[in-house]
Structure formats: C-alpha cells, structure tokens
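my_file.cif, holding mmCIF, N, CA and C atoms and all ligand atoms:
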```cif
data_data
loop_
_atom_site.label_atom_id
_atom_site.label_comp_id
_atom_site.auth_asym_id
_atom_site.auth_seq_id
_atom_site.Cartn_x
_atom_site.Cartn_y
_atom_site.Cartn_z
N MET A 27 131.75 120.31 208.49
CA MET A 27 133.16 120.13 208.88
C MET A 27 133.36 118.76 209.51
N LYS A 28 134.49 118.18 209.22
CA LYS A 28 134.87 116.93 209.85
C LYS A 28 136.21 117.14 210.54
N SER A 29 136.46 116.32 211.54
CA SER A 29 137.76 116.42 212.19
C SER A 29 138.54 115.13 211.95
N LEU A 30 139.84 115.28 212.00
CA LEU A 30 140.73 114.15 211.78
C LEU A 30 141.96 114.35 212.66
N THR A 31 142.33 113.31 213.39
CA THR A 31 143.57 113.35 214.16
C THR A 31 144.55 112.37 213.54
N LEU A 32 145.71 112.88 213.21
CA LEU A 32 146.75 112.04 212.63
C LEU A 32 147.87 111.83 213.63
N LYS A 33 148.34 110.62 213.72
CA LYS A 33 149.53 110.32 214.51
C LYS A 33 150.72 110.36 213.55
N ILE A 34 151.68 111.20 213.88
CA ILE A 34 152.78 111.45 212.94
C ILE A 34 154.12 111.05 213.56
N GLU A 35 154.93 110.37 212.78
CA GLU A 35 156.29 110.05 213.21
C GLU A 35 157.27 110.87 212.39
N GLY A 36 158.39 111.22 213.02
CA GLY A 36 159.45 111.91 212.29
C GLY A 36 159.61 113.37 212.64
N MET A 37 158.72 113.90 213.51
CA MET A 37 158.89 115.28 213.96
C MET A 37 159.91 115.29 215.09
N HIS A 38 160.90 116.20 214.99
CA HIS A 38 161.99 116.22 215.97
C HIS A 38 161.91 117.40 216.94
N CYS A 39 161.08 118.38 216.63
CA CYS A 39 161.05 119.59 217.46
C CYS A 39 159.79 120.39 217.16
N ASP A 40 159.62 121.49 217.88
CA ASP A 40 158.46 122.35 217.65
C ASP A 40 158.47 122.95 216.24
N GLY A 41 159.67 123.12 215.69
CA GLY A 41 159.76 123.66 214.34
C GLY A 41 159.12 122.73 213.32
N CYS A 42 159.33 121.43 213.50
CA CYS A 42 158.70 120.45 212.61
C CYS A 42 157.19 120.55 212.72
N ALA A 43 156.70 120.66 213.94
CA ALA A 43 155.25 120.75 214.16
C ALA A 43 154.69 122.00 213.49
N ALA A 44 155.44 123.10 213.58
CA ALA A 44 154.99 124.35 212.95
C ALA A 44 154.97 124.21 211.44
N THR A 45 155.95 123.49 210.89
CA THR A 45 156.00 123.25 209.45
C THR A 45 154.80 122.45 208.99
N VAL A 46 154.49 121.38 209.71
CA VAL A 46 153.35 120.55 209.35
C VAL A 46 152.06 121.36 209.43
N LYS A 47 151.93 122.13 210.50
CA LYS A 47 150.73 122.97 210.66
C LYS A 47 150.56 123.92 209.48
N ALA A 48 151.65 124.59 209.09
CA ALA A 48 151.57 125.57 208.00
C ALA A 48 151.18 124.88 206.69
N LEU A 49 151.77 123.73 206.42
CA LEU A 49 151.47 123.02 205.17
C LEU A 49 150.02 122.58 205.12
N VAL A 50 149.54 122.03 206.23
CA VAL A 50 148.17 121.52 206.26
C VAL A 50 147.18 122.68 206.17
N GLU A 51 147.46 123.76 206.87
CA GLU A 51 146.52 124.88 206.88
C GLU A 51 146.44 125.57 205.53
N ARG A 52 147.48 125.42 204.72
CA ARG A 52 147.50 126.04 203.40
C ARG A 52 146.66 125.23 202.39
N ALA A 53 146.36 123.99 202.73
CA ALA A 53 145.65 123.12 201.79
C ALA A 53 144.19 123.53 201.65
N ASP A 54 143.66 123.35 200.45
CA ASP A 54 142.25 123.64 200.20
C ASP A 54 141.36 122.83 201.13
N GLY A 55 140.36 123.46 201.69
CA GLY A 55 139.37 122.75 202.48
C GLY A 55 139.70 122.62 203.95
N VAL A 56 140.90 123.06 204.34
CA VAL A 56 141.27 122.93 205.75
C VAL A 56 140.89 124.21 206.50
N ARG A 57 140.12 124.04 207.57
CA ARG A 57 139.71 125.19 208.37
C ARG A 57 140.79 125.52 209.39
N THR A 58 141.16 124.55 210.21
CA THR A 58 142.23 124.79 211.18
C THR A 58 143.03 123.50 211.36
N ALA A 59 144.26 123.69 211.81
CA ALA A 59 145.09 122.54 212.15
C ALA A 59 145.90 122.91 213.39
N SER A 60 145.97 121.98 214.34
CA SER A 60 146.89 122.19 215.46
C SER A 60 147.77 120.96 215.54
N VAL A 61 149.06 121.21 215.63
CA VAL A 61 150.03 120.12 215.60
C VAL A 61 150.90 120.21 216.84
N ALA A 62 151.00 119.12 217.58
CA ALA A 62 151.78 119.10 218.81
C ALA A 62 152.97 118.16 218.67
N PHE A 63 154.15 118.71 218.83
CA PHE A 63 155.36 117.89 218.79
C PHE A 63 155.36 116.88 219.94
N ALA A 64 154.93 117.31 221.12
CA ALA A 64 155.01 116.46 222.32
C ALA A 64 154.25 115.14 222.14
N THR A 65 153.08 115.22 221.53
CA THR A 65 152.26 114.01 221.35
C THR A 65 152.41 113.41 219.96
N GLY A 66 153.01 114.14 219.04
CA GLY A 66 153.12 113.66 217.67
C GLY A 66 151.78 113.62 216.97
N GLU A 67 150.86 114.49 217.39
CA GLU A 67 149.52 114.45 216.81
C GLU A 67 149.16 115.76 216.10
N ALA A 68 148.43 115.58 215.01
CA ALA A 68 147.86 116.72 214.30
C ALA A 68 146.35 116.60 214.34
N ARG A 69 145.69 117.65 214.80
CA ARG A 69 144.22 117.68 214.79
C ARG A 69 143.80 118.66 213.71
N ILE A 70 143.00 118.15 212.79
CA ILE A 70 142.65 118.93 211.61
C ILE A 70 141.13 119.02 211.50
N LEU A 71 140.66 120.23 211.23
CA LEU A 71 139.24 120.44 210.96
C LEU A 71 139.12 120.79 209.49
N TYR A 72 138.33 120.01 208.73
CA TYR A 72 138.29 120.23 207.29
C TYR A 72 136.89 120.07 206.72
N ASP A 73 136.73 120.60 205.53
CA ASP A 73 135.46 120.51 204.82
C ASP A 73 135.50 119.26 203.92
N PRO A 74 134.69 118.25 204.21
CA PRO A 74 134.75 117.01 203.43
C PRO A 74 134.26 117.17 201.99
N ALA A 75 133.63 118.30 201.69
CA ALA A 75 133.21 118.54 200.30
C ALA A 75 134.39 118.99 199.44
N THR A 76 135.47 119.42 200.09
CA THR A 76 136.61 119.99 199.37
C THR A 76 137.84 119.10 199.41
N THR A 77 138.04 118.40 200.54
CA THR A 77 139.22 117.56 200.65
C THR A 77 138.86 116.28 201.40
N ASN A 78 139.82 115.41 201.58
CA ASN A 78 139.52 114.16 202.27
C ASN A 78 140.74 113.66 203.04
N GLU A 79 140.54 112.60 203.79
CA GLU A 79 141.61 112.07 204.65
C GLU A 79 142.86 111.72 203.87
N ASP A 80 142.67 111.04 202.74
CA ASP A 80 143.84 110.60 201.97
C ASP A 80 144.68 111.78 201.49
N ARG A 81 144.01 112.84 201.09
CA ARG A 81 144.76 114.01 200.63
C ARG A 81 145.54 114.65 201.77
N LEU A 82 144.90 114.72 202.94
CA LEU A 82 145.57 115.33 204.08
C LEU A 82 146.78 114.51 204.50
N VAL A 83 146.62 113.19 204.49
CA VAL A 83 147.75 112.31 204.82
C VAL A 83 148.88 112.50 203.81
N ALA A 84 148.51 112.62 202.53
CA ALA A 84 149.52 112.78 201.49
C ALA A 84 150.31 114.07 201.68
N ILE A 85 149.64 115.13 202.10
CA ILE A 85 150.33 116.41 202.33
C ILE A 85 151.39 116.25 203.42
N VAL A 86 151.03 115.58 204.49
CA VAL A 86 151.98 115.39 205.59
C VAL A 86 153.15 114.51 205.15
N GLU A 87 152.84 113.45 204.42
CA GLU A 87 153.90 112.52 204.04
C GLU A 87 154.81 113.09 202.96
N LYS A 88 154.27 113.94 202.12
CA LYS A 88 155.07 114.57 201.08
C LYS A 88 156.15 115.46 201.69
N SER A 89 155.89 115.97 202.89
CA SER A 89 156.87 116.83 203.53
C SER A 89 157.89 116.02 204.34
N GLY A 90 157.84 114.71 204.26
CA GLY A 90 158.90 113.89 204.83
C GLY A 90 158.57 113.23 206.16
N TYR A 91 157.32 113.34 206.61
CA TYR A 91 156.93 112.71 207.87
C TYR A 91 156.06 111.50 207.57
N ARG A 92 155.93 110.62 208.54
CA ARG A 92 155.13 109.41 208.34
C ARG A 92 153.86 109.48 209.16
N VAL A 93 152.75 109.18 208.53
CA VAL A 93 151.48 109.11 209.25
C VAL A 93 151.26 107.65 209.64
N VAL A 94 151.20 107.40 210.94
CA VAL A 94 151.10 106.02 211.42
C VAL A 94 149.75 105.72 212.06
N GLY A 95 148.87 106.72 212.09
CA GLY A 95 147.55 106.47 212.62
C GLY A 95 146.58 107.56 212.25
N ARG A 96 145.32 107.17 212.09
CA ARG A 96 144.26 108.14 211.80
C ARG A 96 143.09 107.87 212.72
N THR A 97 142.55 108.94 213.30
CA THR A 97 141.35 108.84 214.12
C THR A 97 140.39 109.93 213.67
N PRO A 98 139.14 109.60 213.44
CA PRO A 98 138.17 110.62 213.03
C PRO A 98 138.04 111.74 214.05
CU CU B 1 162.14 119.82 213.89
#
```
Conversion result in structure tokens:
Amino acid sequence: MKSLTLKIEGMHCDGCAATVKALVERADGVRTASVAFATGEARILYDPATTNEDRLVAIVEKSGYRVVGRTP
C-alpha cells in the first residue's frame, strides 16, 4: 500500500468532501480515503499494483475539483 495526500481546490462544503471521498473510494485499488473540507486535503491509501497517482488525480479533477498539490 502507498499513501498519497492531495491538496484540492474548489470544495465549498462538507458535501463536496463527501462526494470526493465516495468517488475516490469507488476507484479500483483504493483501500481508504479521507477527505477534509477544512484543510482541502484528501488522504488516500492505495495499492500501487492496481492504480497510480495520475489516475487518482484524474478522478478528482473529472468531478470538477482542482488538484494543486501532491504529497506521498
Ligand atoms: Cu459543497
């Protein structure tokens, strides 16, 4: 398992954070995701054999939010 923290712009409320969490957790290879509106951060635990950083970023951005930072 690898972890990834994404800095996300464009979330306006806890509902947005819940939406991002649900989308990311539904993706193949994702074990858990926690998304905080207050900090604008998503912490994701994933299997690098199944998915990768670029795919996870694409999932978030496809739903209308911007990823402005990545930290392992
Ligand atoms: Cu919202």
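Nearest residue to ligand CU 1 (chain B), choosing from A:His38, A:Arg57, A:Arg81, A:Arg92 and counting only C-alpha atoms and all ligand atoms: A:His38.
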Problem set entry | Non-local contacts of stretch 58-60 of chain A (9 Å; only C-alpha atoms; under 6 positions in same chain excluded) as JSON, numbers by chain | {"A": [43, 44, 46, 47, 48, 50, 51, 67, 68, 69, 70, 71, 72]}
Edge lengths and centre in Å to one decimal, as AutoDock Vina command-line options, of the axis-aligned box that encloses all listed atoms of stretch 38-56 of chain A with 3 Å added on every side?
```
--center_x 150.7 --center_y 121.1 --center_z 209.0 --size_x 28.6 --size_y 15.8 --size_z 23.7
```
For this session: Could you give me, as a ChimeraX atom specification, the residues that sit within 8 Å of (130.6, 119.4, 205.3) in the file's coordinates, counting only N, CA and C atoms?
Result: /A:27-28,72-76
Using all atoms listed in the file, find each residue of chain A with at least one atom at most 6.5 Å away from an atom of ligand CU 1 (chain B); report its shortest atom-to-atom pair and that distance in Å (one decimal), sort the rows by chain and rising residue number, and return the result as a tab-separated table.
```
residue	atom	partner	partner_atom	distance
A:Met37	C	B:CU1	CU	5.2
A:His38	C	B:CU1	CU	3.9
A:Cys39	N	B:CU1	CU	3.3
A:Asp40	N	B:CU1	CU	5.0
A:Gly41	C	B:CU1	CU	4.2
A:Cys42	N	B:CU1	CU	3.3
A:Ala43	N	B:CU1	CU	5.5
```
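Among the candidates A:Ala64, A:Leu49, A:Glu79, A:Gly90, the one nearest to A:Leu30 when counting all atoms listed in the file is A:Glu79.
Inside chain A, the residues DSSP reads as strand (DSSP E or B) when given the backbone are Lys28, Ser29, Leu30, Thr31, Leu32, Lys33, Ile34, Glu35, Val56, Arg57, Thr58, Ala59, Ser60, Val61, Ala62, Glu67, Ala68, Arg69, Ile70, Leu71, Tyr72, Arg92, Val93, Val94, Gly95, Arg96 and Thr97 of chain A.
The gap separating atom N of A:Thr65 from atom N of A:Ala53 is 21.8 Å, in Å to one decimal.
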